[in-house]
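**Q** query03.pdb (PDB, C-alpha atoms) pasted underneath:
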ATOM      1  CA  MET A  25     -42.992  37.585  10.302
ATOM      2  CA  THR A  26     -39.585  36.674   8.909
ATOM      3  CA  THR A  27     -40.925  33.369   7.645
ATOM      4  CA  ARG A  28     -43.675  35.084   5.618
ATOM      5  CA  PHE A  29     -41.608  37.498   3.530
ATOM      6  CA  GLU A  30     -38.142  37.414   2.027
ATOM      7  CA  GLU A  31     -37.332  41.043   2.743
ATOM      8  CA  PHE A  32     -38.615  43.978   4.776
ATOM      9  CA  LEU A  33     -37.758  47.276   3.119
ATOM     10  CA  GLY A  34     -38.471  49.745   5.895
ATOM     11  CA  THR A  35     -37.679  53.433   5.403
ATOM     12  CA  PRO A  36     -34.344  55.302   5.471
ATOM     13  CA  TRP A  37     -35.006  56.336   9.100
ATOM     14  CA  SER A  38     -35.993  52.835  10.220
ATOM     15  CA  ARG A  39     -33.028  51.196   8.472
ATOM     16  CA  MET A  40     -30.611  53.544  10.201
ATOM     17  CA  ARG A  41     -32.418  53.336  13.529
ATOM     18  CA  GLY A  42     -31.936  49.623  14.054
ATOM     19  CA  PHE A  43     -32.326  48.796  17.751
ATOM     20  CA  ASN A  44     -31.016  52.140  19.002
ATOM     21  CA  GLY A  45     -32.439  52.976  22.393
ATOM     22  CA  MET A  46     -33.749  49.457  23.075
ATOM     23  CA  THR A  47     -32.182  46.872  25.341
ATOM     24  CA  SER A  48     -31.984  43.213  24.378
ATOM     25  CA  ALA A  49     -34.613  42.510  27.054
ATOM     26  CA  GLU A  50     -36.994  45.028  25.464
ATOM     27  CA  VAL A  51     -36.441  43.519  22.013
ATOM     28  CA  GLU A  52     -37.195  40.074  23.443
ATOM     29  CA  SER A  53     -40.347  41.388  25.187
ATOM     30  CA  ILE A  54     -41.567  42.996  21.960
ATOM     31  CA  THR A  55     -40.918  39.798  19.988
ATOM     32  CA  ASN A  56     -42.806  37.756  22.568
ATOM     33  CA  GLY A  57     -45.630  40.306  22.644
ATOM     34  CA  ILE A  58     -46.043  40.236  18.861
ATOM     35  CA  SER A  59     -46.051  36.435  18.925
ATOM     36  CA  SER A  60     -48.707  36.489  21.640
ATOM     37  CA  ILE A  61     -50.923  38.841  19.609
ATOM     38  CA  VAL A  62     -50.611  36.704  16.485
ATOM     39  CA  GLU A  63     -51.210  33.437  18.343
ATOM     40  CA  GLN A  64     -54.436  34.741  19.935
ATOM     41  CA  GLU A  65     -55.905  35.136  16.438
ATOM     42  CA  ASN A  66     -58.012  38.089  17.581
ATOM     43  CA  ILE A  67     -58.663  39.878  14.270
ATOM     44  CA  ARG A  68     -58.855  43.333  15.862
ATOM     45  CA  THR A  69     -55.428  43.008  17.475
ATOM     46  CA  VAL A  70     -53.767  40.957  14.712
ATOM     47  CA  ASN A  71     -54.750  43.370  11.927
ATOM     48  CA  PRO A  72     -52.433  46.214  13.061
ATOM     49  CA  ILE A  73     -49.517  43.759  13.082
ATOM     50  CA  ARG A  74     -50.359  42.505   9.585
ATOM     51  CA  LEU A  75     -50.766  46.074   8.277
ATOM     52  CA  TYR A  76     -47.422  46.947   9.869
ATOM     53  CA  GLU A  77     -45.615  44.094   8.138
ATOM     54  CA  HIS A  78     -47.279  44.643   4.743
ATOM     55  CA  GLY A  79     -46.208  48.279   4.903
ATOM     56  CA  LEU A  80     -42.624  47.123   5.426
ATOM     57  CA  VAL A  81     -42.872  44.948   2.316
ATOM     58  CA  SER A  82     -44.449  47.540   0.002
ATOM     59  CA  GLN A  83     -42.281  49.840  -2.115
ATOM     60  CA  ASP A  84     -45.028  52.408  -2.706
ATOM     61  CA  PRO A  85     -44.820  55.283  -0.197
ATOM     62  CA  TYR A  86     -48.524  56.074  -0.349
ATOM     63  CA  ILE A  87     -49.528  52.447   0.191
ATOM     64  CA  ARG A  88     -47.193  52.328   3.175
ATOM     65  CA  ILE A  89     -48.765  55.441   4.683
ATOM     66  CA  LEU A  90     -52.235  54.008   4.041
ATOM     67  CA  LEU A  91     -51.351  50.741   5.778
ATOM     68  CA  TRP A  92     -49.481  52.211   8.738
ATOM     69  CA  VAL A  93     -51.996  54.944   9.528
ATOM     70  CA  THR A  94     -54.857  52.461   9.140
ATOM     71  CA  ALA A  95     -53.043  50.264  11.669
ATOM     72  CA  LEU A  96     -52.759  53.244  14.023
ATOM     73  CA  ASP A  97     -56.445  54.036  13.550
ATOM     74  CA  SER A  98     -57.293  50.421  14.291
ATOM     75  CA  VAL A  99     -55.336  50.492  17.560
ATOM     76  CA  LEU A 100     -56.841  53.851  18.547
ATOM     77  CA  MET A 101     -60.389  52.803  17.528
ATOM     78  CA  ALA A 102     -60.799  56.362  16.302
ATOM     79  CA  VAL A 103     -62.696  56.445  12.970
ATOM     80  CA  THR A 104     -62.806  60.271  12.921
ATOM     81  CA  LYS A 105     -59.949  62.728  12.497
ATOM     82  CA  GLU A 106     -60.702  64.460  15.791
ATOM     83  CA  LYS A 107     -60.695  61.211  17.785
ATOM     84  CA  PHE A 108     -57.560  60.032  15.982
ATOM     85  CA  GLU A 109     -55.688  63.233  16.874
ATOM     86  CA  ASN A 110     -56.934  63.321  20.451
ATOM     87  CA  ARG A 111     -56.270  59.658  21.179
ATOM     88  CA  LEU A 112     -52.836  59.558  19.550
ATOM     89  CA  CYS A 113     -51.789  62.713  21.395
ATOM     90  CA  ALA A 114     -53.189  61.368  24.688
ATOM     91  CA  PHE A 115     -51.526  57.981  24.225
ATOM     92  CA  LEU A 116     -48.042  59.223  23.310
ATOM     93  CA  GLY A 117     -48.181  62.861  24.435
ATOM     94  CA  ALA A 118     -48.980  65.742  22.061
ATOM     95  CA  ASN A 119     -45.555  67.289  22.621
ATOM     96  CA  SER A 120     -43.549  64.058  22.548
ATOM     97  CA  GLN A 121     -41.066  63.697  19.719
ATOM     98  CA  VAL A 122     -42.158  61.744  16.645
ATOM     99  CA  PHE A 123     -38.568  60.548  16.282
ATOM    100  CA  PRO A 124     -37.419  59.898  19.859
ATOM    101  CA  LEU A 125     -34.153  61.364  21.095
ATOM    102  CA  GLU A 126     -32.695  57.956  21.884
ATOM    103  CA  ASP A 127     -32.834  56.957  18.212
ATOM    104  CA  GLY A 128     -29.465  58.529  17.548
ATOM    105  CA  VAL A 129     -30.180  58.856  13.823
ATOM    106  CA  PHE A 130     -30.383  61.690  11.387
ATOM    107  CA  ILE A 131     -33.942  63.100  11.372
ATOM    108  CA  LYS A 132     -34.049  66.310  13.384
ATOM    109  CA  ARG A 133     -36.122  66.200  16.527
ATOM    110  CA  SER A 134     -38.323  69.254  15.971
ATOM    111  CA  THR A 135     -41.408  67.265  14.927
ATOM    112  CA  VAL A 136     -43.890  66.430  17.708
ATOM    113  CA  VAL A 137     -46.921  64.133  17.637
ATOM    114  CA  GLY A 138     -49.406  67.012  17.673
ATOM    115  CA  ASP A 139     -47.777  68.475  14.533
ATOM    116  CA  VAL A 140     -48.521  65.496  12.297
ATOM    117  CA  ALA A 141     -51.448  63.527  13.793
ATOM    118  CA  GLY A 142     -54.187  65.353  11.885
ATOM    119  CA  ASP A 143     -52.273  65.385   8.594
ATOM    120  CA  LEU A 144     -51.581  61.662   8.832
ATOM    121  CA  PHE A 145     -55.291  60.970   9.186
ATOM    122  CA  GLU A 146     -56.163  63.412   6.395
ATOM    123  CA  LEU A 147     -53.697  61.870   3.926
ATOM    124  CA  ARG A 148     -54.805  58.343   4.839
ATOM    125  CA  SER A 149     -58.443  59.352   4.244
ATOM    126  CA  GLU A 150     -57.640  60.837   0.840
ATOM    127  CA  LEU A 151     -55.903  57.610  -0.158
ATOM    128  CA  ALA A 152     -58.572  55.320   1.284
ATOM    129  CA  HIS A 153     -61.503  57.163  -0.294
ATOM    130  CA  GLY A 154     -59.963  57.765  -3.711
ATOM    131  CA  ARG A 155     -59.762  61.533  -3.414
ATOM    132  CA  ALA A 156     -57.062  63.631  -5.053
ATOM    133  CA  ILE A 157     -54.010  63.916  -2.844
ATOM    134  CA  GLY A 158     -53.755  67.446  -1.479
ATOM    135  CA  LYS A 159     -50.981  69.624  -2.838
ATOM    136  CA  LYS A 160     -49.473  70.168   0.606
ATOM    137  CA  PHE A 161     -48.513  66.495   0.733
ATOM    138  CA  TRP A 162     -46.635  66.235  -2.582
ATOM    139  CA  GLU A 163     -45.360  69.718  -3.397
ATOM    140  CA  VAL A 164     -41.648  70.410  -2.959
ATOM    141  CA  ARG A 165     -40.886  71.740   0.532
ATOM    142  CA  GLU A 166     -37.565  73.545   0.697
ATOM    143  CA  ASP A 167     -38.057  74.037   4.444
ATOM    144  CA  LEU A 168     -37.699  70.260   4.859
ATOM    145  CA  ARG A 169     -34.365  70.046   3.019
ATOM    146  CA  ASP A 170     -32.325  70.033   6.236
ATOM    147  CA  LEU A 171     -34.750  67.638   7.880
ATOM    148  CA  LEU A 172     -34.863  65.115   5.024
ATOM    149  CA  ASN A 173     -31.307  64.950   3.733
ATOM    150  CA  PRO A 174     -31.420  64.589  -0.103
ATOM    151  CA  SER A 175     -28.337  62.354  -0.043
ATOM    152  CA  VAL A 176     -30.327  59.857   2.042
ATOM    153  CA  TYR A 177     -33.776  60.260   0.477
ATOM    154  CA  GLY A 178     -32.614  60.606  -3.112
ATOM    155  CA  SER A 179     -35.093  63.284  -4.169
ATOM    156  CA  VAL A 180     -36.325  66.743  -3.332
ATOM    157  CA  PRO A 181     -38.068  66.928   0.062
ATOM    158  CA  ARG A 182     -41.837  66.602   0.237
ATOM    159  CA  TYR A 183     -44.134  66.559   3.253
ATOM    160  CA  ARG A 184     -45.313  63.086   2.245
ATOM    161  CA  MET A 185     -41.792  61.822   2.936
ATOM    162  CA  LEU A 186     -41.851  63.117   6.497
ATOM    163  CA  LEU A 187     -45.352  61.681   7.056
ATOM    164  CA  GLU A 188     -44.237  58.268   5.791
ATOM    165  CA  GLU A 189     -41.424  58.220   8.346
ATOM    166  CA  ALA A 190     -43.770  59.577  11.033
ATOM    167  CA  ALA A 191     -46.398  56.898  10.350
ATOM    168  CA  LEU A 192     -43.856  54.111  10.827
ATOM    169  CA  SER A 193     -42.288  55.718  13.883
ATOM    170  CA  LEU A 194     -45.609  56.372  15.615
ATOM    171  CA  LEU A 195     -47.031  52.921  14.870
ATOM    172  CA  SER A 196     -43.823  51.365  16.192
ATOM    173  CA  ARG A 197     -44.017  53.472  19.343
ATOM    174  CA  VAL A 198     -47.687  52.686  19.969
ATOM    175  CA  LEU A 199     -47.158  48.927  19.622
ATOM    176  CA  ARG A 200     -43.980  49.105  21.686
ATOM    177  CA  LYS A 201     -45.809  50.982  24.465
ATOM    178  CA  ILE A 202     -48.680  48.479  24.512
ATOM    179  CA  ILE A 203     -46.276  45.572  24.869
ATOM    180  CA  LEU A 204     -43.632  47.024  27.191
ATOM    181  CA  GLU A 205     -46.144  48.665  29.533
ATOM    182  CA  ASN A 206     -48.121  45.422  29.916
ATOM    183  CA  MET A 207     -51.283  46.570  28.141
ATOM    184  CA  LEU A 208     -51.726  43.450  26.011
ATOM    185  CA  SER A 209     -54.536  42.073  28.141
ATOM    186  CA  ASP A 210     -56.477  45.351  27.910
ATOM    187  CA  PHE A 211     -55.667  45.646  24.199
ATOM    188  CA  SER A 212     -57.120  42.180  23.569
ATOM    189  CA  SER A 213     -60.494  43.176  25.021
ATOM    190  CA  THR A 214     -62.464  45.538  22.791
ATOM    191  CA  LYS A 215     -64.593  46.797  25.672
ATOM    192  CA  ILE A 216     -61.706  47.409  28.084
ATOM    193  CA  TRP A 217     -59.466  48.963  25.430
ATOM    194  CA  LYS A 218     -62.200  51.281  24.193
ATOM    195  CA  ALA A 219     -62.856  52.441  27.763
ATOM    196  CA  ARG A 220     -59.152  52.969  28.346
ATOM    197  CA  LEU A 221     -58.807  55.077  25.184
ATOM    198  CA  ALA A 222     -61.899  57.100  26.027
ATOM    199  CA  SER A 223     -60.602  57.909  29.499
ATOM    200  CA  SER A 224     -57.128  59.026  28.405
TER
END
For this file, produce the structure as structure tokens.
**A**
Amino acid sequence: MTTRFEEFLGTPWSRMRGFNGMTSAEVESITNGISSIVEQENIRTVNPIRLYEHGLVSQDPYIRILLWVTALDSVLMAVTKEKFENRLCAFLGANSQVFPLEDGVFIKRSTVVGDVAGDLFELRSELAHGRAIGKKFWEVREDLRDLLNPSVYGSVPRYRMLLEEAALSLLSRVLRKIILENMLSDFSSTKIWKARLASS
């Protein structure tokens, strides 16, 4: 990826996270896993990686959410909101933290996968289908002020900001899990992967 783009922008959370919680062996395994996916040239498995990287290049928060949640949807083979929620929660755990404890960075750990899965899909659908973005995503949320520190985010807190961070975190965790838990072979087969998702 680093040969394709001059700079990855990431998000405030991802820039501060770095490699916290990952060993050098895990980083090497993830790098090798990504290379393996790209080299196979299987469109279904390469697309989430390309969407991931294009989201890191974009400066528009809504485009980033669109790309990252579409990548998640592609991995989960969901299509519908209900399947997306169910499969994401089954894959990572509905009560698992969106921002894992080992990160050691500033976003509070009160957000769990089940809290945001449906809203991520809903916002992505609004963006993808050209509908007006719901007020709950862009209105000022004073209750998020402690969660999204204004000195880091540079503006008043909005739910969209949390969802942008959540989309990147969850996509990273899903891809990391696939690679580190030796699921690449299953992931590369549409039939096997679909059956695995359906049974979880």
**Q** Which value, in Å to one decimal, gives the distance between atom CA of Val122 of chain A and atom CA of Gly142 of chain A?
**A**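 Result for atom CA of Val122 of chain A versus atom CA of Gly142 of chain A: 13.4 Å, one decimal.
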**Q** Quick one: pull the distance between atom CA of Thr214 of chain A and atom CA of Glu150 of chain A, Å, one decimal.
**A**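 We find that atom CA of Thr214 of chain A and atom CA of Glu150 of chain A lie 27.2 Å from each other.
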**Q** Rounded to one decimal place, report the atom CA of Ser60 of chain A-atom CA of Cys113 of chain A distance in Å.
**A**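 These atoms are spaced 26.4 Å apart.
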**Q** Selection in question (the file shown): the PyMOL selection byres ((chain A and resi 82-99) around 7). Which residues does it include, as a PyMOL selection string?
**A** chain A and resi 72+75-76+78-81+100-103+108+144-145+148+151+188+191-192+195
**Q** With the file shown as input, list the residues that the PyMOL selection byres ((chain A and resi 163) around 9) selects, as a PyMOL selection string.
**A** chain A and resi 158-162+164-165+181-184
**Q** Measuring atom to atom with only C-alpha atoms, identify which of A:Asn206, A:Asn110, A:Asn56, A:Ser212 is nearest to Arg68 of chain A.
**A**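 Result for the nearest residue to Arg68 of chain A: A:Ser212.
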**Q** Give the answer as one residue: which of A:Gly138, A:Leu187, A:Leu208, A:Gln121 has the shortest atom-to-atom distance to Val62 of chain A, using all atoms listed in the file?
**A**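 Distance minimum relative to Val62 of chain A lands on A:Leu208.
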**Q** Kindly resolve the PyMOL selection byres ((chain A and resi 137) around 6) on the present coordinates and return the residues as a PyMOL selection string.
**A** chain A and resi 118+120+122+136+138-141
**Q** Considering all atoms listed in the file, state which residue in the set A:Gly117, A:Gly178, A:Gly57, A:Gly154 is at the smallest distance from Thr69 of chain A.
**A**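 Smallest distance to Thr69 of chain A is found for A:Gly57.
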**Q** Using the incomplete input, complete segment 86-103 of chain A to the level of N, CA and C atoms; output as a short mmCIF file (atom, residue, chain, number, x, y, z; two decimals), in the frame of the given file.
**A**
data_model
loop_
_atom_site.label_atom_id
_atom_site.label_comp_id
_atom_site.auth_asym_id
_atom_site.auth_seq_id
_atom_site.Cartn_x
_atom_site.Cartn_y
_atom_site.Cartn_z
N TYR A 86 -47.15 55.77 -0.72
CA TYR A 86 -48.52 56.07 -0.35
C TYR A 86 -49.24 54.85 0.21
N ILE A 87 -48.95 53.68 -0.34
CA ILE A 87 -49.53 52.45 0.19
C ILE A 87 -49.03 52.22 1.61
N ARG A 88 -47.76 52.50 1.84
CA ARG A 88 -47.19 52.33 3.18
C ARG A 88 -47.89 53.25 4.18
N ILE A 89 -48.06 54.49 3.80
CA ILE A 89 -48.76 55.44 4.68
C ILE A 89 -50.18 54.96 4.95
N LEU A 90 -50.87 54.52 3.89
CA LEU A 90 -52.24 54.01 4.04
C LEU A 90 -52.28 52.85 5.05
N LEU A 91 -51.36 51.91 4.91
CA LEU A 91 -51.35 50.74 5.78
C LEU A 91 -50.99 51.10 7.21
N TRP A 92 -49.95 51.90 7.39
CA TRP A 92 -49.48 52.21 8.74
C TRP A 92 -50.45 53.10 9.51
N VAL A 93 -51.04 54.07 8.82
CA VAL A 93 -52.00 54.94 9.53
C VAL A 93 -53.30 54.19 9.79
N THR A 94 -53.69 53.30 8.89
CA THR A 94 -54.86 52.46 9.14
C THR A 94 -54.61 51.57 10.36
N ALA A 95 -53.39 51.06 10.49
CA ALA A 95 -53.04 50.26 11.67
C ALA A 95 -53.14 51.11 12.94
N LEU A 96 -52.65 52.33 12.88
CA LEU A 96 -52.76 53.24 14.02
C LEU A 96 -54.22 53.50 14.37
N ASP A 97 -55.02 53.76 13.35
CA ASP A 97 -56.44 54.04 13.55
C ASP A 97 -57.14 52.83 14.18
N SER A 98 -56.73 51.64 13.75
CA SER A 98 -57.29 50.42 14.29
C SER A 98 -56.97 50.28 15.78
N VAL A 99 -55.73 50.56 16.15
CA VAL A 99 -55.34 50.49 17.56
C VAL A 99 -56.09 51.53 18.38
N LEU A 100 -56.21 52.74 17.82
CA LEU A 100 -56.84 53.85 18.55
C LEU A 100 -58.37 53.80 18.50
N MET A 101 -58.93 52.93 17.67
CA MET A 101 -60.39 52.80 17.53
C MET A 101 -61.01 54.19 17.34
N ALA A 102 -60.45 54.95 16.42
CA ALA A 102 -60.80 56.36 16.30
C ALA A 102 -61.92 56.65 15.30
N VAL A 103 -61.75 56.25 14.07
CA VAL A 103 -62.70 56.44 12.97
C VAL A 103 -62.73 57.89 12.46
#
